[in-house]
Structures are given as C-alpha cells and as structure tokens.
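Each remark here refers to the structure printed beneath this line.
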Amino acid sequence: MSRSSRLLHLLLLLPSSFIIELQFLPSLKKLEPPLLKCNASSANLQPRQRNSIVLMPSKKIQKSASGTQHDSSALRELKEIVAKQAGEIKALKSALLDASKSSSSSPRIPPTPSNSAQHPASSTPTSTESKLKSDPISYLNTPFYTLALRRVYWLAIFLISLSLTAIIMNEFESTLSKQIELAYFVPLLAGHGGNTGGQTIGSVLSALSTKSITTADASRIIRKEASSGLTVGCILGIAVGWAAYLIGGVSVHVSAVVGCTLPILSGVAGVLASGIPFLCVGCGLDPAVIAAPAMTTFVDVSGLLSYFYIAGKVFRWFGVAL
C-alpha cells in the first residue's frame with residue numbers, strides 16, 4: 001500500500017472513533033450518577049453511624065437523670081415520714097409533762113389501811129425488818145468473835161431458864177419413880193416441841209425477811225400456826241400412842257398420857273414460835289438471834305409442865321396411884 005492510501009485510511013478512522021466516543025458518552029453519564037449516589041450514601045452512612053454512636057450516651061444520661069429524680073423523691077418521702085414521727089414524739093412528751101404536772105399539783109390521798117398479807121408493799125418496813133433484809137449481806141463481813149459476843153449473853157439467859165426443867169423434874173421425882181415409863185418419853189416430847197417450833201419459826205422469819213408479812217399480821221399468823229400445831233399434834237399423838245401400846249408394850253395409861261400431851265405441846269410450840277419473832281420485831285431486837293433459843297426454852301418448860309399435869313389427870317381417870 002502506498003503512503004497516500006495510508007493517510008486516507010487514517011482520515012477515515014478518526015471520525016468513526018470520535019463518533020463512537022460520542023455515542024458512548026450518554027451511557028457513561030448515566031452510569032456516573034449511581035456511582036455518585038453510592039458514594040454519597042456511603043458518605044452519608046458514615047456520619048449517620050457516628051451520630052448514632054454519639055446519641056447513645058445522651059440516652060444513658062436521660063436514664064440516669066430519671067433515676068436521680070426517683071431517688072430524690074424517695075428521700076423526700078423519708079424526710080416527711082421522719083418529720084411526722086418527730087412531731088408525734090414531741091406531742092407525747094408534752095402530754096407526759098402535762099400529766100406529771102397535774103399529778104404533782106393535785107393533793108395526795110393518804111393510803112387506806114389494808115391487809116398486809118394481800119398488799120405487802122403498802123406497809124412501811126421497820127428498822128428491824130430492814131435489818132433482817134440486809135442481814136445476809138452483813139453476815140458475810142462479820143467476824144466470828146463478833147457473832148459469838150452478840151449471841152453469848154442471850155444463850156446464857158436461856159441456859160439459866162432451862163434450869164427450870166431440872167426444877168420441874170425434881171418436883172415430879174416421886175411420880176417418875178412410881179411410873180418409870182413416863183421417863184421414857186421426856187426426851188421424845190422435848191425434841192418434838194423443838195422440831196415443831198423450829199419449823200414454824202423458820203417460816204415466820206422467812207416471811208418477815210421477804211416482807212410478805214408484817215407485825216400487823218401477828219394475830220392472824222399466831223392463830224394459823226396454833227391451829228396447824230394442834231392438827232399435827234393430834235395426828236402424831238394418835239399414831240405414837242397406838243404404836244407405844246401395841247409395839248412398845250407401854251401401859252395404856254402412859255400411852256394415853258403421851259397421846260394427849262403431843263397435841264397440846266405442838267399447839268404451844270406453834271404459838272410461841274410464831275409470836276416470839278413478832279415480839280422481837282416490836283421491841284427492836286433481832287429475831288434471828290433471839291427467837292429460836294427463846295422458843296426452845298419456853299417450849300421445853302411448858303411441855304414438861306403439861307406432861308406431868310396430864311399424867312396426873314389420866315392416872316386418876318384410870319385409877320392408878322401416883
């Protein structure tokens with residue numbers, strides 16, 4: 001091919017390529033907007049994601065703000081409740097103060113006398129009763145020689161009084177020599193009188209120390225203990241009299257004397273054991289030191305006298321010579 005033909009061919013190709021480009025340009029333009037839209041959407045998506053991430057803490061802040069508002073309302077309610085309670089307490093205090101002022105200003109009514117056995121707190125304790133109450137505490141701190149000196153002169157007085165028993169035995173020596181069986185029961189009667197009086201005096205002293213009874217109840221207590229002693233003496237007198245006659249082989253008249261003496265001895269022991277503590281309290285003496293030995297002395301003397309007096313009566317009734 002010659003050079004001129006080549007040039008002609010190129011000239012023919014150039015317009016065709018230009019035409020092709022012009023034909024494809026609208027399609028390219030149509031393709032560009034979607035790409036641009038995608039880029040724009042992608043570009044818009046990124047800020048939207050950032051905005052959503054930024055908005056999440058704001059929601060949390062709103063939630064925390066609502067929680068604080070709820071807590072503040074709960075605290076407000078608690079403060080109101082506390083304020084109401086404080087007001088009620090103040091009202092109660094003022095009412096109590098008014099009541100105390102009115103009671104102090106009103107005249108006091110003197111207490112009416114009543115039975116101290118039913119109302120032991122209404123009676124005023126004497127100095128001896130308070131001494132009885134505090135005696136167990138002071139007893140531990142008291143030395144032995146002080147106790148001995150406190151008791152020895154009372155024991156000496158009652159030892160001299162017990163010599164009356166020897167005088168009584170000497171007076172009834174002829175009776176004992178004729179009825180030797182009577183001598184068998186002298187220690188028994190003396191021991192029974194001491195035992196009966198010991199029970200009674202222990203009960204009375206315990207009741208006085210606890211203030212369940214006072215000196216105002218003396219007559220009532222003495223009657224009660226005397227009746228109790230007579231009942232105990234009758235039961236034991238029947239039992240001992242029959243046992244002495246059936247088992248011991250003692251004569252009928254001596255068994256009858258023993259059975260009749262025990263009720264009288266028990267009654268006398270009850271009276272003395274319940275009356276001596278009240279007498280000591282009334283005189284301002286210590287019944288714990290005086291009552292027991294005084295009761296034993298008087299019961300022994302009165303028991304021997306009643307024993308021999310009943311023996312003379314019963315022996316005459318049975319026709320036995322003395």
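Identifiers in the structure tokens: chain A, B, ... in order shown; residue index from 1 per chain; ligand index from 1 in order shown.
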Just asking: which residues within region 87-301 of chain A are alpha helix (DSSP H) according to DSSP, as a compact mmCIF listing (two decimals) with C-alpha atoms, in the first residue's frame?
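The resulting result-v1.txt:
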# COMPACT_ATOMS: atom_id res chain seq x y z
CA GLY A 87 -43.86 15.76 115.71
CA GLU A 88 -45.67 12.82 117.32
CA ILE A 89 -42.79 12.31 119.81
CA LYS A 90 -42.91 15.98 120.77
CA ALA A 91 -46.65 15.73 121.29
CA LEU A 92 -46.24 12.68 123.55
CA LYS A 93 -43.53 14.39 125.58
CA SER A 94 -45.69 17.44 126.11
CA ALA A 95 -48.64 15.24 127.16
CA LEU A 96 -46.46 13.38 129.69
CA LEU A 97 -45.16 16.63 131.12
CA ASP A 98 -48.69 17.96 131.49
CA ALA A 99 -49.79 14.73 133.22
CA SER A 100 -46.84 14.85 135.65
CA LYS A 101 -47.53 18.49 136.46
CA SER A 102 -51.20 17.81 137.09
CA SER A 103 -50.40 14.81 139.32
CA SER A 104 -47.86 16.83 141.34
CA SER A 105 -50.27 19.73 141.75
CA SER A 127 -35.76 -0.80 161.15
CA THR A 128 -35.64 -4.40 162.34
CA GLU A 129 -37.28 -5.62 159.14
CA SER A 130 -34.74 -3.72 157.05
CA LYS A 131 -32.04 -5.20 159.25
CA LEU A 132 -33.43 -8.65 158.54
CA LYS A 133 -33.30 -7.96 154.82
CA SER A 134 -29.69 -6.74 154.87
CA ASP A 135 -28.52 -9.32 157.41
CA PRO A 136 -27.38 -11.96 154.86
CA ILE A 137 -25.07 -9.38 153.26
CA SER A 138 -23.61 -8.10 156.54
CA TYR A 139 -23.31 -11.66 157.88
CA LEU A 140 -20.51 -12.49 155.42
CA ASN A 141 -18.47 -9.48 156.56
CA PHE A 144 -16.74 -14.86 164.20
CA TYR A 145 -15.90 -13.26 167.54
CA THR A 146 -18.47 -10.52 166.90
CA LEU A 147 -21.11 -13.17 166.27
CA ALA A 148 -20.05 -15.03 169.42
CA LEU A 149 -20.20 -11.92 171.61
CA ARG A 150 -23.55 -10.99 170.14
CA ARG A 151 -25.06 -14.39 170.93
CA VAL A 152 -23.40 -15.49 174.15
CA TYR A 153 -25.38 -13.38 176.62
CA TRP A 154 -28.70 -14.45 175.09
CA LEU A 155 -27.65 -18.08 175.26
CA ALA A 156 -26.57 -17.58 178.87
CA ILE A 157 -30.00 -16.16 179.72
CA PHE A 158 -31.81 -19.09 178.11
CA LEU A 159 -29.41 -21.59 179.69
CA ILE A 160 -30.41 -20.26 183.10
CA SER A 161 -34.05 -20.54 182.05
CA LEU A 162 -33.50 -24.18 181.09
CA SER A 163 -32.61 -24.87 184.69
CA LEU A 164 -36.36 -24.69 185.28
CA THR A 165 -36.61 -28.11 183.62
CA ALA A 166 -34.36 -29.57 186.30
CA ILE A 167 -36.57 -27.99 188.97
CA ILE A 168 -39.69 -29.49 187.37
CA MET A 169 -38.12 -32.94 187.14
CA ASN A 170 -37.16 -32.70 190.82
CA GLU A 171 -40.71 -31.75 191.79
CA GLU A 173 -39.46 -37.21 191.03
CA SER A 174 -41.92 -39.29 193.06
CA THR A 175 -44.24 -39.60 190.08
CA LEU A 176 -41.35 -40.74 187.86
CA SER A 177 -40.22 -43.26 190.47
CA LYS A 178 -43.71 -44.83 190.63
CA GLU A 181 -42.43 -45.40 181.85
CA LEU A 182 -43.12 -41.69 181.94
CA ALA A 183 -39.36 -41.00 181.90
CA TYR A 184 -39.02 -42.80 178.56
CA VAL A 186 -39.40 -36.97 178.23
CA PRO A 187 -36.64 -36.67 175.55
CA LEU A 188 -39.19 -37.51 172.84
CA LEU A 189 -41.54 -34.73 173.93
CA ALA A 190 -38.74 -32.17 174.31
CA GLY A 191 -37.38 -32.99 170.84
CA HIS A 192 -40.81 -32.86 169.25
CA GLY A 193 -41.52 -29.45 170.76
CA GLY A 194 -38.23 -28.09 169.42
CA ASN A 195 -38.84 -29.57 165.95
CA THR A 196 -42.36 -28.19 165.70
CA GLY A 197 -41.31 -24.75 166.88
CA GLY A 198 -38.27 -24.79 164.57
CA GLN A 199 -40.44 -25.34 161.51
CA THR A 200 -42.81 -22.56 162.50
CA ILE A 201 -40.15 -20.05 163.43
CA GLY A 202 -38.27 -20.68 160.19
CA SER A 203 -41.41 -19.97 158.16
CA VAL A 204 -42.21 -16.79 160.09
CA LEU A 205 -38.67 -15.40 159.89
CA SER A 206 -38.51 -16.12 156.16
CA ALA A 207 -41.83 -14.33 155.60
CA LEU A 208 -40.66 -11.34 157.68
CA SER A 209 -37.37 -11.07 155.78
CA ALA A 218 -49.25 -11.13 164.11
CA SER A 219 -52.64 -12.24 165.45
CA ARG A 220 -53.60 -13.90 162.19
CA ILE A 221 -50.30 -15.77 161.92
CA ILE A 222 -50.42 -16.91 165.56
CA ARG A 223 -53.93 -18.31 165.15
CA LYS A 224 -52.96 -20.08 161.98
CA GLU A 225 -49.80 -21.66 163.46
CA ALA A 226 -51.63 -22.67 166.64
CA SER A 227 -54.29 -24.47 164.60
CA SER A 228 -51.61 -26.11 162.47
CA GLY A 229 -49.73 -27.26 165.58
CA LEU A 230 -52.87 -28.74 167.13
CA THR A 231 -53.66 -30.63 163.92
CA VAL A 232 -50.14 -32.03 163.66
CA GLY A 233 -50.15 -32.94 167.37
CA CYS A 234 -53.46 -34.82 167.11
CA ILE A 235 -52.24 -36.87 164.15
CA LEU A 236 -48.89 -37.72 165.75
CA GLY A 237 -50.43 -38.24 169.21
CA ILE A 238 -52.79 -40.93 167.93
CA ALA A 239 -50.02 -42.59 165.93
CA VAL A 240 -47.43 -42.52 168.75
CA GLY A 241 -49.94 -43.58 171.44
CA TRP A 242 -51.08 -46.64 169.50
CA ALA A 243 -47.53 -47.53 168.48
CA ALA A 244 -46.28 -47.30 172.08
CA TYR A 245 -49.09 -49.50 173.32
CA LEU A 246 -49.14 -52.11 170.52
CA VAL A 252 -52.44 -47.99 178.36
CA HIS A 253 -52.44 -45.06 180.77
CA VAL A 254 -48.90 -43.95 179.84
CA SER A 255 -49.71 -44.30 176.12
CA ALA A 256 -52.82 -42.17 176.69
CA VAL A 257 -50.73 -39.54 178.52
CA VAL A 258 -48.30 -39.33 175.56
CA GLY A 259 -51.15 -39.20 173.03
CA CYS A 260 -52.84 -36.35 174.91
CA THR A 261 -49.64 -34.37 175.52
CA LEU A 262 -48.47 -34.20 171.91
CA PRO A 263 -51.37 -32.03 170.61
CA ILE A 264 -51.01 -29.55 173.50
CA LEU A 265 -47.23 -29.43 173.11
CA SER A 266 -47.49 -28.85 169.34
CA GLY A 267 -50.06 -26.09 169.80
CA VAL A 268 -47.94 -24.31 172.45
CA ALA A 269 -44.87 -24.62 170.21
CA GLY A 270 -46.79 -23.10 167.30
CA VAL A 271 -47.98 -20.16 169.39
CA LEU A 272 -44.56 -19.41 170.88
CA ALA A 273 -42.66 -19.92 167.64
CA SER A 274 -44.96 -17.57 165.72
CA GLY A 275 -45.36 -14.97 168.47
CA ILE A 276 -41.76 -14.51 169.61
CA PRO A 277 -40.45 -13.17 166.25
CA PHE A 278 -43.19 -10.52 166.17
CA LEU A 279 -42.39 -9.63 169.80
CA CYS A 280 -38.72 -9.22 168.93
CA VAL A 281 -39.51 -7.03 165.92
CA GLY A 282 -41.84 -4.89 168.04
CA CYS A 283 -39.12 -4.42 170.67
CA PRO A 287 -35.37 -12.25 165.98
CA ALA A 288 -32.79 -14.34 164.13
CA VAL A 289 -30.63 -14.38 167.30
CA ILE A 290 -33.32 -14.46 169.99
CA ALA A 291 -36.40 -16.23 168.65
CA ALA A 292 -35.08 -19.80 168.25
CA PRO A 293 -33.42 -20.28 171.68
CA ALA A 294 -36.25 -18.46 173.46
CA MET A 295 -38.81 -20.71 171.76
CA THR A 296 -36.87 -23.88 172.67
CA THR A 297 -36.57 -22.84 176.31
CA PHE A 298 -40.21 -21.95 176.75
CA VAL A 299 -41.46 -24.99 174.85
CA ASP A 300 -39.37 -27.37 176.97
CA VAL A 301 -40.58 -25.85 180.22
- Have a look at CA of Phe308 (chain A) and CA of Ser251 (chain A) and let me know their distance in Å, one decimal.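 That distance, rounded to one decimal, is 16.1 Å.
A straight line drawn from CA of Phe185 (chain A) to CA of Leu304 (chain A) is 10.4 Å long.
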- Contacts of Gly312 (chain A) at 10 Å or less, counting only C-alpha atoms, minus same-chain residues fewer than 5 places along, as a ChimeraX atom specification? /A:175,257,306-307,317,320-322
